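Enquirer: To start, I am sharing the structure in question, which I have written as structure tokens.
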Amino acid sequence: MTFQAQKPPTSAEVARQAGVSRTTVSFVLNGVLNRGISDATRERVLAAAQSMGYQPNAAARSLASGQTGTVGVVIPKAAHLYVDAFLAQLVATVNEQCHALGLKMLIETTDDEGREPGGFVNLVRGRSIDGLIVANLRTSEHAHLDKITEAGIPLVVLTSRPNELPHLATVLSDTANAACTAVKHLIGLGHQKIAFISFAQPEYESVHERELGWQQALEQAHITVPRHLVEYADISAQSGYDAARRLLARGVPFTALFAGNDTIAFGALRALHEAGLRVPQDVAVVGYDDIPMAAFATPPLTTMHSDPIGQAQMALKLLMAQINADTSAEPKQHEVTPQLVIRASCGTHP
């Protein structure tokens with residue numbers, strides 16, 4: 001018996017399935033903007049190409065354009081992908097979108113052991129990528145972003161602070177304001193002794209902003225900020241568990257806990273359970289990110305929905321506009337507004 005390899009789909013077949021012309025398929029899959037193609041049509045072409053397994057000839061395109069066909073994504077540590085569901089969704093979405101566009105995605109880290117701080121700048125200096133998406137940098141690394149822009153390299157930064165990088169293309173999630181909203185919800189339920197467990201050290205921009213939001217909510221309600229009820233975890237649920245145990249070991253009572261992200265909240269939920277504390281009857285808990293598992297926690301977790309998939313899609317869209325020199329594309333700054341998702345862990349019903 002002989003087996004015949006299945007022929008790869010052609011752009012004409014993708015066009016037929018999507019109900020568009022081959023030219024439209026070419027524009028969409030090569031990231032060409034400003035051609036009057038609606039978002040709905042663009043999504044239909046990408047979906048058709050992905051379902052059929054169509055791959056544009058990236059090698060030929062690179063020779064013709066002088067581009068590498070590769071997009072870089074900068075994250076703090078590669079190990080975070082194992083335990084940080086927000087980051088995993090972000091990276092997976094960029095990879096999926098790149099795949100549909102016939103591009104490759106390259107991951108670079110900022111602070112893995114042995115890495116030089118800001119070493120990702122070497123990626124663009126060597127022109128091994130066409131553009132860069134940067135997520136959750138340390139505040140001290142902002143200077144490296146200027147080096148990239150000075151070199152004329154397309155760049156998009158996911159940022160947590162409004163007006164922090166006005167000269168760059170950014171996807172902004174106002175984290176301090178969102179965290180403030182989460183804590184105000186707890187205050188509105190009558191809580192005044194509200195602990196905080198950060199998901200990492202405050203050298204990271206988004207970490208610092210969530211702590212700032214917790215502090216602002218308390219100050220606006222004229223509640224003394226309890227610095228003795230603050231702990232720092234390290235991304236994983238295990239670190240959230242350990243941080244919660246350290247809080248409990250102090251013997252300082254609290255009736256609510258704001259966790260820096262949902263993964264940390266999962267660890268804290270276990271520590272509270274082991275200490276004989278009921279959630280939400282004894283301690284109300286609110287997380288951040290609304291990762292897929294949040295709705296399946298015991299009890300289901302109240303959290304801020306931060307939309308990593310939407311952030312990733314917008315970041316790549318802004319990046320492709322720069323790569324294709326599309327001066328008519330939408331504004332360089334795009335804001336995502338996290339929404340409070342109320343579930344049982346805070347003591348109120350949805």
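Simple scheme: letters A, B, ... for chains in structure tokens order, numbers from 1 for residues in each chain, numbers from 1 for ligands in the order shown.
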Could you name the residues that touch range 128-139 of chain A at 9 Å or less, counting only C-alpha atoms, but leaving out those on the same chain fewer than 3 positions away, as a VMD selection string?
Expert: chain A and resid 67 to 76 87 105 to 106 110 122 to 125 142 to 143 153 to 160 202 to 207 312 315 to 316 319 to 320 322 to 323
Enquirer: Between A:Ala178, A:Ala195, A:Leu248, A:Glu141, which one has atoms that come closest to Val341 in chain A, using only C-alpha atoms?
Expert: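 Selected residue with least distance to Val341 in chain A: A:Ala178.
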Enquirer: State, in Å with one decimal place, the distance from CA of Leu340 in chain A to CA of Ala176 in chain A.
Expert: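 So the two atoms, CA of Leu340 in chain A and CA of Ala176 in chain A, lie 13.4 Å apart.
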Enquirer: Using only C-alpha atoms, which residues sit within 9 Å of Met304 in chain A once same-chain residues fewer than 3 positions away are excluded, as a ChimeraX atom specification?
Expert: /A:178-179,181-182,261,286-290,338-342
Enquirer: Hey, what does DSSP flag as helix (DSSP H, G or I) within range 80-277 of chain A? Can you give it to me as JSON, numbers by chain?
Expert: {"A": [80, 81, 82, 83, 85, 86, 87, 88, 89, 90, 91, 92, 93, 94, 95, 96, 97, 98, 99, 100, 121, 122, 123, 124, 125, 139, 140, 141, 142, 143, 144, 145, 146, 147, 148, 149, 150, 175, 176, 177, 178, 179, 180, 181, 182, 183, 184, 185, 186, 187, 188, 205, 206, 207, 208, 209, 210, 211, 212, 213, 214, 215, 216, 217, 218, 219, 220, 227, 228, 229, 237, 238, 239, 240, 241, 242, 243, 244, 245, 246, 247, 248, 249, 262, 263, 264, 265, 266, 267, 268, 269, 270, 271, 272, 273, 274]}
Enquirer: Identify which of the residues A:Lys193, A:Ile107, A:Ala15, A:Asn177 lies closest to Ala92 in chain A, counting only C-alpha atoms when measuring atom-to-atom distances.
Expert: A:Ile107
Enquirer: CA of His99 in chain A and CA of Ala294 in chain A are how many Å apart?
Expert: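 A separation of 28.3 Å between them.
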Enquirer: Could you give me, as a VMD selection string, the residues within 7 Å of Glu335 in chain A, counting only C-alpha atoms and dropping anything in the same chain fewer than 5 positions from it?
Expert: chain A and resid 171 to 173
Enquirer: Using N, CA and C atoms, can you write the selected residues to a file as a JSON list (two decimals), in the first residue's frame?
Expert:
```json
[["chain", "number", "residue", "atom", "x", "y", "z"],
["A", 171, "VAL", "N", -0.43, 49.15, 24.25],
["A", 171, "VAL", "CA", -1.73, 48.62, 24.65],
["A", 171, "VAL", "C", -1.79, 48.81, 26.16],
["A", 172, "LEU", "N", -2.65, 49.71, 26.59],
["A", 172, "LEU", "CA", -2.71, 50.10, 28.00],
["A", 172, "LEU", "C", -3.84, 49.39, 28.72],
["A", 173, "SER", "N", -3.52, 48.83, 29.87],
["A", 173, "SER", "CA", -4.53, 48.36, 30.81],
["A", 173, "SER", "C", -4.26, 49.10, 32.11]]
```
